[in-house]
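Peer 1: You'll find input-v8.txt just under this line, and it carries compact mmCIF, C-alpha atoms.
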# COMPACT_ATOMS: atom_id res chain seq x y z
CA GLY V 20 4.72 7.80 6.94
CA ASN V 21 6.47 4.58 7.83
CA ILE V 22 4.54 1.70 9.38
CA THR V 23 6.52 -0.85 11.40
CA ASP V 24 6.07 -3.62 13.96
CA VAL V 25 2.51 -4.73 13.22
CA ASP V 26 0.96 -8.10 14.13
CA ILE V 27 -2.26 -9.18 12.41
CA ASP V 28 -3.53 -12.37 14.00
CA GLY V 29 -6.85 -14.12 13.41
CA ILE V 30 -9.00 -13.32 10.38
CA TYR V 31 -11.93 -15.45 9.28
CA ALA V 32 -14.06 -14.49 6.30
CA ASP V 33 -16.34 -16.42 4.01
CA TYR V 34 -16.88 -15.07 0.49
CA CYS V 35 -14.99 -11.85 1.09
CA HIS V 36 -13.00 -9.35 -1.03
CA SER V 37 -9.64 -9.82 0.76
CA ALA V 38 -8.14 -10.39 4.19
CA VAL V 39 -5.17 -7.97 4.26
CA ARG V 40 -3.92 -5.31 1.87
CA LEU V 41 -0.54 -3.80 2.66
CA LEU V 42 -0.28 -0.56 0.71
CA SER V 43 2.80 1.59 0.16
CA THR V 44 3.51 4.70 -1.88
CA GLY V 45 7.13 4.98 -0.84
CA ALA V 46 6.85 4.87 2.95
CA ASP V 47 8.43 1.81 4.56
CA LEU V 48 6.22 -1.05 5.74
CA LYS V 49 8.52 -3.22 7.84
CA ARG V 50 8.31 -6.03 10.36
CA ILE V 51 4.71 -7.00 9.57
CA THR V 52 3.36 -10.40 10.67
CA ILE V 53 0.11 -11.80 9.27
CA ARG V 54 -1.06 -15.15 10.67
CA ASN V 55 -4.11 -17.33 11.21
CA VAL V 56 -6.13 -16.34 8.16
CA HIS V 57 -9.05 -18.62 7.23
CA GLY V 58 -11.72 -18.41 4.54
CA ASN V 59 -12.26 -17.80 0.85
CA PHE V 60 -11.72 -14.55 -1.00
CA TYR V 61 -12.69 -13.32 -4.46
CA THR V 62 -9.89 -10.79 -4.93
CA TYR V 63 -6.87 -11.95 -2.89
CA VAL V 64 -6.01 -13.11 0.62
CA VAL V 65 -2.91 -10.95 1.22
CA GLY V 66 -1.73 -8.24 -1.17
CA LEU V 67 1.50 -6.25 -1.08
CA THR V 68 0.41 -3.42 -3.31
CA HIS V 69 1.07 0.12 -4.52
CA PHE V 70 -1.28 3.08 -4.76
CA PHE V 71 -1.26 4.11 -8.41
CA ARG V 72 -1.85 7.88 -8.31
CA ASP V 73 1.89 8.37 -7.75
CA ARG V 74 3.58 6.15 -10.31
CA LYS V 75 7.03 7.70 -9.74
CA THR V 76 7.48 6.32 -6.22
CA ARG V 77 7.81 2.57 -5.63
CA GLY V 78 6.28 0.84 -2.62
CA VAL V 79 8.72 -0.40 0.03
CA PHE V 80 8.23 -3.55 2.15
CA ASP V 81 10.63 -5.57 4.31
CA ASP V 82 10.49 -8.36 6.89
CA ILE V 83 6.97 -9.45 5.95
CA SER V 84 5.82 -12.80 7.38
CA ILE V 85 2.64 -14.58 6.27
CA SER V 86 1.86 -17.83 8.11
CA ASP V 87 -0.86 -20.27 9.05
CA VAL V 88 -3.16 -19.40 6.16
CA PHE V 89 -5.97 -21.78 5.23
CA ALA V 90 -7.68 -20.03 2.33
CA ALA V 91 -8.86 -20.41 -1.24
CA LYS V 92 -10.39 -18.29 -3.98
CA ALA V 93 -14.10 -17.60 -4.35
CA LEU V 94 -16.00 -16.47 -7.44
CA SER V 95 -16.63 -12.74 -7.24
CA PRO V 96 -20.21 -11.52 -7.11
CA GLU V 97 -21.46 -10.29 -10.46
CA SER V 98 -23.50 -7.55 -8.81
CA ILE V 99 -20.44 -5.54 -7.78
CA GLY V 100 -18.68 -5.67 -11.15
CA VAL V 101 -15.34 -7.14 -10.12
CA ASN V 102 -15.40 -10.46 -11.95
CA SER V 103 -12.01 -9.68 -13.50
CA ARG V 104 -10.48 -9.78 -10.01
CA THR V 105 -10.85 -13.53 -9.85
CA ASN V 106 -7.55 -13.69 -11.76
CA TYR V 107 -5.63 -12.18 -8.83
CA PRO V 108 -3.69 -14.78 -6.82
CA PRO V 109 -4.35 -15.41 -3.13
CA ILE V 110 -0.91 -14.05 -2.17
CA TRP V 111 -0.01 -11.19 -4.49
CA VAL V 112 3.04 -8.94 -4.82
CA GLN V 113 1.70 -6.36 -7.23
CA GLY V 114 2.90 -3.32 -9.11
CA PRO V 115 5.95 -1.14 -8.62
CA VAL V 116 7.02 -2.39 -5.19
CA ASP V 117 10.35 -3.40 -3.71
CA VAL V 118 10.22 -6.14 -1.09
CA GLY V 119 13.27 -7.02 0.99
CA LYS V 120 12.44 -10.25 2.85
CA LEU V 121 9.11 -12.05 2.41
CA VAL V 122 8.45 -15.34 4.24
CA ILE V 123 5.34 -17.44 3.52
CA SER V 124 4.92 -20.51 5.71
CA ASN V 125 2.17 -23.02 6.41
CA TYR V 126 -0.05 -21.75 3.61
CA ASN V 127 -2.73 -24.32 2.75
CA ARG V 128 -5.14 -24.06 -0.18
CA ASP V 129 -7.83 -26.45 -1.38
CA GLU V 130 -8.92 -24.81 -4.63
CA LYS V 131 -12.26 -25.63 -6.25
CA CYS V 132 -13.24 -22.33 -7.95
CA VAL V 133 -10.48 -20.31 -9.63
CA PRO V 134 -7.37 -21.67 -11.44
CA VAL V 135 -4.82 -18.99 -10.53
CA ALA V 136 -1.39 -19.34 -8.94
CA SER V 137 -1.28 -19.48 -5.15
CA ILE V 138 1.58 -16.95 -5.01
CA ARG V 139 2.45 -14.42 -7.71
CA VAL V 140 5.10 -11.73 -8.00
CA ASP V 141 4.02 -9.43 -10.83
CA GLU V 142 6.15 -7.22 -13.01
CA PRO V 143 7.62 -4.70 -12.15
CA ALA V 144 7.71 -5.91 -8.53
CA SER V 145 11.01 -6.94 -6.99
CA VAL V 146 11.63 -9.31 -4.06
CA ASP V 147 15.15 -9.66 -2.67
CA GLN V 148 14.49 -12.82 -0.64
CA LEU V 149 11.38 -14.99 -0.99
CA THR V 150 11.09 -17.97 1.36
CA VAL V 151 8.19 -20.39 0.93
CA ARG V 152 8.09 -23.34 3.32
CA ASP V 153 5.69 -25.97 4.61
CA CYS V 154 2.95 -25.09 2.13
CA ARG V 155 0.32 -27.21 0.41
CA MET V 156 -2.02 -26.64 -2.51
CA ARG V 157 -4.64 -29.18 -3.54
CA ASN V 158 -6.18 -28.59 -6.95
CA LEU V 159 -9.81 -29.76 -7.07
CA LEU V 160 -10.38 -28.37 -10.59
CA ASP V 161 -10.10 -30.19 -13.90
CA ARG V 162 -7.27 -27.95 -15.17
CA PRO V 163 -3.77 -27.22 -13.90
CA ILE V 164 -3.00 -24.46 -11.43
CA PRO V 165 0.50 -23.06 -10.99
CA PHE V 166 1.64 -22.86 -7.39
CA LEU V 167 4.07 -19.97 -7.85
CA GLU V 168 4.49 -17.47 -10.68
CA ALA V 169 7.46 -15.11 -10.71
CA LYS V 170 6.73 -12.53 -13.40
CA GLY V 171 8.65 -9.84 -11.54
CA ARG V 172 12.19 -10.13 -10.20
CA VAL V 173 12.99 -12.51 -7.35
CA ARG V 174 16.66 -12.21 -6.45
CA LYS V 175 16.81 -15.24 -4.10
CA GLY V 176 14.16 -17.90 -3.62
CA VAL V 177 14.08 -20.62 -0.97
CA LEU V 178 11.42 -23.31 -1.34
CA GLU V 179 11.14 -26.03 1.32
CA ASN V 180 8.53 -28.73 1.81
CA VAL V 181 6.06 -27.40 -0.74
CA VAL V 182 3.45 -29.94 -1.88
CA PHE V 183 0.99 -29.14 -4.67
CA ASP V 184 -1.05 -30.50 -7.56
CA GLY V 185 -0.29 -28.31 -10.53
CA GLU V 186 2.47 -26.63 -12.43
CA TRP V 187 5.70 -25.11 -11.21
CA ASN V 188 6.36 -21.75 -12.81
CA ALA V 189 9.38 -20.47 -10.92
CA ARG V 190 11.78 -20.22 -13.85
CA GLU V 191 12.68 -16.64 -12.93
CA LEU V 192 13.69 -17.48 -9.36
CA ARG V 193 17.43 -17.12 -9.11
Would you write out, as structure tokens, the structure that this file holds?

Peer 2:
Amino acid sequence: GNITDVDIDGIYADYCHSAVRLLSTGADLKRITIRNVHGNFYTYVVGLTHFFRDRKTRGVFDDISISDVFAAKALSPESIGVNSRTNYPPIWVQGPVDVGKLVISNYNRDEKCVPVASIRVDEPASVDQLTVRDCRMRNLLDRPIPFLEAKGRVRKGVLENVVFDGEWNARELR
């Protein structure tokens, strides 16, 4: 069923799979706040995802706020067989999901392990309004890292006070 009005506040993890996975198979996930996340993660920090057994129904998210995140990627442990997951971004909108409003603020990343975008909207995901403000990414690697990749559809994007070392790949933001 629907999940609404949830506050997630205060996660610290070192060398962990992920901090938060929001999962929808058609039920609404609305008015979710995620804040004060610290650590490093080998899959992602926050994922807005879809459960793939039912490919006919799209996931539904709205009024999602992610703030005060101080996190980077970690290399995944070889012993658990998920090395391919290092290519997932820290903040990931994945699969057949429809997101109304998504706000990401005060996200800070000092990256020294994995050269993936900080925020990625994958195809066939859709975001009606993406706001990214007061964020910083420092690239400590010897190759470029994109800050934002919009492979899926972003109807309206607002970017304010975003500072990063890397590439800007937001050509599909409109």

Peer 1: Could you name the residues that touch V:Ser145 at 12 Å or less, counting only C-alpha atoms, but leaving out those on the same chain fewer than 4 positions away, as a PyMOL selection string?

Peer 2: chain V and resi 67-68+77-81+112-121+139-141+149+169-176+191-192

Peer 1: Determine, counting only C-alpha atoms, every residue of protein, DNA or RNA that lies within 9 Å of (-9.1, -24.1, -4.4) in the file coordinates, then give the result as a list in words.

Peer 2: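 The answer, in the requested form, is Asn59, Ala90, Ala91, Lys92, Ala93, Arg128, Asp129, Glu130, Lys131, Cys132, Val133, Pro134, Met156, Arg157, Asn158, Leu159 and Leu160 of chain V.
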
Peer 1: Just give me the gap between atom CA of V:Phe183 and atom CA of V:Ala38 in Å, one decimal is fine.

Peer 2: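 If I compute the distance from atom CA of V:Phe183 to atom CA of V:Ala38, I get 22.7 Å.
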
Peer 1: Quick one: of V:Val56, V:Ala144, V:Ile83, V:Leu167, who's nearest to V:Ile30, counting all atoms listed in the file?

Peer 2: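 Among the listed residues, the smallest separation from V:Ile30 belongs to V:Val56.
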
Peer 1: Counting only C-alpha atoms, which residue out of V:Cys154, V:Leu41, V:Val181, V:Ile22 sits closest to V:Val88?

Peer 2: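 Smallest separation from V:Val88 among the options: V:Cys154.
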
Peer 1: Between atom CA of V:Asp28 and atom CA of V:Ser86, what is the distance, to one decimal in Å?

Peer 2: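 Those two atoms sit 9.7 Å apart.
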
Peer 1: Tell me, as an MDAnalysis selection string, which residues lie within 6 Å of V:His69, counting all atoms listed in the file; anything in the same chain fewer than 4 positions away does not count.

Peer 2: chainID V and resid 42:44 78

Peer 1: Would you work out the distance separating atom CA of V:Asp87 from atom CA of V:Glu142, expressed in Å to one decimal?

Peer 2: 26.6 Å

Peer 1: Applying 7 Å and all atoms listed in the file, which residues near V:Ala136 remain after dropping the ones on its own chain fewer than 5 positions away? List them as an mmCIF file with C-alpha atoms, keeping the file's coordinate frame.

Peer 2:
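Saved result, around-v4.cif, follows:
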data_model
loop_
_atom_site.group_PDB
_atom_site.id
_atom_site.type_symbol
_atom_site.label_atom_id
_atom_site.label_comp_id
_atom_site.auth_asym_id
_atom_site.auth_seq_id
_atom_site.Cartn_x
_atom_site.Cartn_y
_atom_site.Cartn_z
ATOM 1 C CA PRO V 108 -3.690 -14.780 -6.820
ATOM 2 C CA ILE V 164 -3.000 -24.460 -11.430
ATOM 3 C CA PRO V 165 0.500 -23.060 -10.990
ATOM 4 C CA PHE V 166 1.640 -22.860 -7.390
ATOM 5 C CA LEU V 167 4.070 -19.970 -7.850
ATOM 6 C CA GLU V 168 4.490 -17.470 -10.680
#

Peer 1: Find, counting only C-alpha atoms, the residue in V:Tyr63, V:Ile27, V:Trp111, V:Ser37 that gets nearest to V:Val146.

Peer 2: V:Trp111

Peer 1: Restrict the output to stretch 32-81 of chain V and C-alpha atoms, then write it as a tab-separated table (two decimals), in the first residue's frame.

Peer 2:
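Once everything was written out, this is part-v3.tsv:
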chain	number	residue	atom	x	y	z
V	32	ALA	CA	27.82	3.69	7.90
V	33	ASP	CA	31.35	2.92	6.86
V	34	TYR	CA	31.87	0.55	3.92
V	35	CYS	CA	28.21	-0.35	3.60
V	36	HIS	CA	25.86	-1.50	0.79
V	37	SER	CA	23.49	1.51	0.94
V	38	ALA	CA	21.85	3.90	3.37
V	39	VAL	CA	18.23	4.09	2.10
V	40	ARG	CA	16.33	2.28	-0.62
V	41	LEU	CA	12.87	3.60	-1.41
V	42	LEU	CA	11.04	0.87	-3.32
V	43	SER	CA	7.75	1.14	-5.19
V	44	THR	CA	5.76	-1.23	-7.36
V	45	GLY	CA	2.93	1.18	-8.02
V	46	ALA	CA	1.98	2.23	-4.49
V	47	ASP	CA	2.62	5.89	-3.71
V	48	LEU	CA	5.66	6.87	-1.65
V	49	LYS	CA	5.06	10.51	-0.74
V	50	ARG	CA	6.37	13.13	1.65
V	51	ILE	CA	9.59	11.29	2.52
V	52	THR	CA	12.49	13.19	4.14
V	53	ILE	CA	15.99	11.69	4.32
V	54	ARG	CA	18.64	13.74	6.13
V	55	ASN	CA	21.94	13.52	7.98
V	56	VAL	CA	23.49	10.60	6.11
V	57	HIS	CA	27.25	10.09	6.58
V	58	GLY	CA	29.65	7.43	5.34
V	59	ASN	CA	30.75	5.54	2.25
V	60	PHE	CA	28.70	3.02	0.31
V	61	TYR	CA	29.55	0.49	-2.38
V	62	THR	CA	26.14	0.32	-4.06
V	63	TYR	CA	24.39	3.68	-3.54
V	64	VAL	CA	23.55	6.11	-0.75
V	65	VAL	CA	19.87	6.73	-1.60
V	66	GLY	CA	17.97	4.84	-4.29
V	67	LEU	CA	14.49	5.50	-5.64
V	68	THR	CA	13.90	2.12	-7.20
V	69	HIS	CA	11.37	-0.33	-8.61
V	70	PHE	CA	10.86	-4.01	-7.83
V	71	PHE	CA	11.28	-5.83	-11.12
V	72	ARG	CA	8.97	-8.85	-10.82
V	73	ASP	CA	6.08	-6.65	-11.96
V	74	ARG	CA	7.37	-4.77	-14.98
V	75	LYS	CA	3.92	-3.50	-16.00
V	76	THR	CA	3.48	-1.17	-13.02
V	77	ARG	CA	5.72	1.87	-12.60
V	78	GLY	CA	6.95	3.04	-9.20
V	79	VAL	CA	5.43	6.27	-7.88
V	80	PHE	CA	7.28	8.84	-5.72
V	81	ASP	CA	6.50	12.45	-4.82
